[in-house]
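Enquirer: Pasting a structure below so you can have a look.
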Amino acid sequence: MSNDVNQEWVIGLDAGGTRTRAVLATAEDGRPLGEGAAGPGNALTVPVPRLTDHLAEAIGQAVPEAMRSRVVAVSGGFAGATAASTEDPGHVNARTALTAALRRLGVPADRLRVCSDIEAAFASAPGTPADGLALVAGTGAVALRITDRRTTTSVDGDGWLLGDDGSGFWIGRSAVRAALRMADGRGPATVLAGSVGQALGVPAGELPGATDWTRAHREAYRMHVLPAVMAELPVRLARFAPLVVAAAGDKDPVAEGILDEAAEQLAATVRALGPDPGERIVATGGLLGPRGPLTARLTARLRTLGLTLDWVADGCRGAVALARLAHHGDGR
């Protein structure tokens, strides 16, 4: 790692719901030089003292002590925060924790920018775009219109109880619903009943295919699945999404229908933003990556709107780019 006395550095942070990542890069060209990681960084759900600890740990790993005094700008993309309002509780918490973490490490905080993890992911696209659409499709789902690097409109992102349509949670819940509907006679046969049952520890003799699946076996299956699901946090239903992908790969009609409907839900979310043909849409989240199970389905639907997806892995690159812009006087 270069330690040129004339070199200036920036720090980019991607603080999400499961982990916090920090990247040290050159202010001149954004070349990454160091990286660190720590615990969750959601600015609304992680208490400020713990968030401060996580930020300090990640930054401390990324930035050697001898280089900290020459950091000229820091930008953090936080779940639960936004660049649109400095009064927003998430923004306040993120800025408070980040300022404290930087002081603890002896890193200057003269140029500090806080935004949402989605705004940072949007800026990770080639060219560091300032305007366009962002779509997240992972455990949850939300679409945003971003103007001047700030969120101006959001669609969905309403959580597992009220929304997140087309998300990993939505797909996983649909898998369990399909299994229960097959068991009680309201839905068609699907291999999901077997795979969901196995994942939940249903005894082999109560699984479809193990017997002729009499009414008694079906009832026993339901009485095992329901308590097992209810005993977990609802968002844990997202863990069944890969079972749908596997079943769809084996041409199970019910599983294929679930993925088709998920793609349609995401397309409807994007349509609600009123996109213009050719407008940029940056996507992130495991459902829409290079091997994402919804990528082809959603791409086909967005093509009718004149839109193409530009996928990014996370917000680290964008956070670095935003820090460099802050250093050069564009702190929008």
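Going through the structure tokens in order, the chains are called A, B, and so on, while each chain numbers its residues from 1 and the ligands are numbered from 1 in the order shown.
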Once DSSP has gone over the backbone, tell me which residues of region 107-307 of chain A are in alpha helix (DSSP H), as number ranges by chain.

Expert: A: 117-123, 159-162, 168-184, 192-199, 215-230, 241-249, 253-271, 295-303

Enquirer: Please provide as a VMD selection string all residues within 9 Å of region 42-45 of chain A, with the sequence filter that same-chain residues fewer than 6 positions apart are discarded (counting only C-alpha atoms).

Expert: chain A and resid 15 to 20 51 78 to 81 89 to 94 97

Enquirer: Just want the 9 Å neighbourhood of Gly77 (chain A), counted on only C-alpha atoms, with same-chain residues fewer than 4 positions away dropped. Output as a ChimeraX atom specification.

Expert: /A:12-16,81-83,113-121,315-316,318-319

Enquirer: For the selection you just gave me, I'd like the residues written to a file as a PDB file, in the first residue's frame, keeping C-alpha atoms.

Expert:
```
ATOM      1  CA  GLY A  12     -16.481   5.027   1.253  1.00  0.00           C
ATOM      2  CA  LEU A  13     -18.888   3.117   3.492  1.00  0.00           C
ATOM      3  CA  ASP A  14     -21.701   0.711   2.663  1.00  0.00           C
ATOM      4  CA  ALA A  15     -23.591   0.188   5.934  1.00  0.00           C
ATOM      5  CA  GLY A  16     -26.394  -2.311   5.399  1.00  0.00           C
ATOM      6  CA  ALA A  81     -30.879   6.919   6.208  1.00  0.00           C
ATOM      7  CA  THR A  82     -31.270   9.247   3.243  1.00  0.00           C
ATOM      8  CA  ALA A  83     -29.483  12.231   1.754  1.00  0.00           C
ATOM      9  CA  ARG A 113     -21.550  12.957   3.363  1.00  0.00           C
ATOM     10  CA  VAL A 114     -24.390  10.692   4.535  1.00  0.00           C
ATOM     11  CA  CYS A 115     -26.862   9.082   2.151  1.00  0.00           C
ATOM     12  CA  SER A 116     -28.907   5.910   1.925  1.00  0.00           C
ATOM     13  CA  ASP A 117     -27.301   2.610   0.978  1.00  0.00           C
ATOM     14  CA  ILE A 118     -29.511   2.648  -2.130  1.00  0.00           C
ATOM     15  CA  GLU A 119     -28.356   6.137  -3.144  1.00  0.00           C
ATOM     16  CA  ALA A 120     -24.781   4.910  -2.758  1.00  0.00           C
ATOM     17  CA  ALA A 121     -25.558   1.815  -4.837  1.00  0.00           C
ATOM     18  CA  GLY A 315     -22.742   0.739  -2.665  1.00  0.00           C
ATOM     19  CA  CYS A 316     -19.019   0.712  -1.876  1.00  0.00           C
ATOM     20  CA  GLY A 318     -20.586   4.683  -5.202  1.00  0.00           C
ATOM     21  CA  ALA A 319     -19.704   5.782  -1.673  1.00  0.00           C
TER      22      ALA A 319
END
```

Enquirer: Pick the closest to Leu294 (chain A) from A:Val229, A:Ala216, A:Gly138, A:Arg317: which is it, counting only C-alpha atoms?

Expert: A:Gly138

Enquirer: Using only C-alpha atoms, which residues sit within 8 Å of region 189-205 of chain A once same-chain residues fewer than 3 positions away are excluded, as a list in words?

Expert: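 The residues that qualify are Ala175, Val176, Ala178, Ala179, Leu180, Met182, Ala183, Pro208, Gly209, Ala210, Thr211, His217, Tyr221, His224, Val225, Ala228, Val229, Phe240, Leu243, Val244, Ala247, Asp252, Pro253, Val254 and Ala255 of chain A.
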
Enquirer: Let me make sure I understand: among A:Ile146, A:Ser167, A:Ala321, A:Leu273, which one has the smallest atom-to-atom distance to Pro32 (chain A) if we use only C-alpha atoms?

Expert: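 Between A:Ile146, A:Ser167, A:Ala321, A:Leu273, the residue approaching Pro32 (chain A) most closely is A:Ala321.
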
Enquirer: What is the CA of Ala27 (chain A)-CA of Leu102 (chain A) distance in Å, reported with one decimal?

Expert: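 Spanning CA of Ala27 (chain A) to CA of Leu102 (chain A) is a straight-line distance of 17.5 Å.
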
Enquirer: Which distance in Å separates CA of Gly140 (chain A) and CA of Arg271 (chain A), to one decimal?

Expert: 17.7 Å

Enquirer: Given the choices A:Thr152, A:Thr214, A:Thr96, A:Thr128, which gets closest to Val48 (chain A) if the distance is worked out from only C-alpha atoms?

Expert: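 The answer is A:Thr96, which sits nearest to Val48 (chain A).
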
Enquirer: Set the distance at 9 Å and use only C-alpha atoms: which residues neighbour Asp158 (chain A) once local chain neighbours fewer than 3 positions away are removed? I'd like the list as a list in words.

Expert: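 That gives Gly140, Ala141, Val142, Val155, Leu161, Leu162, Gly163, Asp164 and Asp165 of chain A.
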
Enquirer: Using only C-alpha atoms, please write the residues we just selected to a file, as a short mmCIF file (atom, residue, chain, number, x, y, z; two decimals), in the first residue's frame.

Expert:
```cif
data_model
loop_
_atom_site.label_atom_id
_atom_site.label_comp_id
_atom_site.auth_asym_id
_atom_site.auth_seq_id
_atom_site.Cartn_x
_atom_site.Cartn_y
_atom_site.Cartn_z
CA GLY A 140 -37.03 -6.68 0.49
CA ALA A 141 -37.96 -4.64 -2.58
CA VAL A 142 -38.15 -0.92 -3.31
CA VAL A 155 -42.38 3.06 -4.36
CA LEU A 161 -46.30 -7.00 6.44
CA LEU A 162 -47.48 -4.35 3.98
CA GLY A 163 -45.32 -4.64 0.88
CA ASP A 164 -41.92 -5.67 -0.51
CA ASP A 165 -43.81 -7.22 -3.42
#
```

Enquirer: Work out how far CA of Ala37 (chain A) is from CA of Ala143 (chain A), in Å to one decimal.

Expert: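 For CA of Ala143 (chain A) relative to CA of Ala37 (chain A), the distance reads 26.7 Å.
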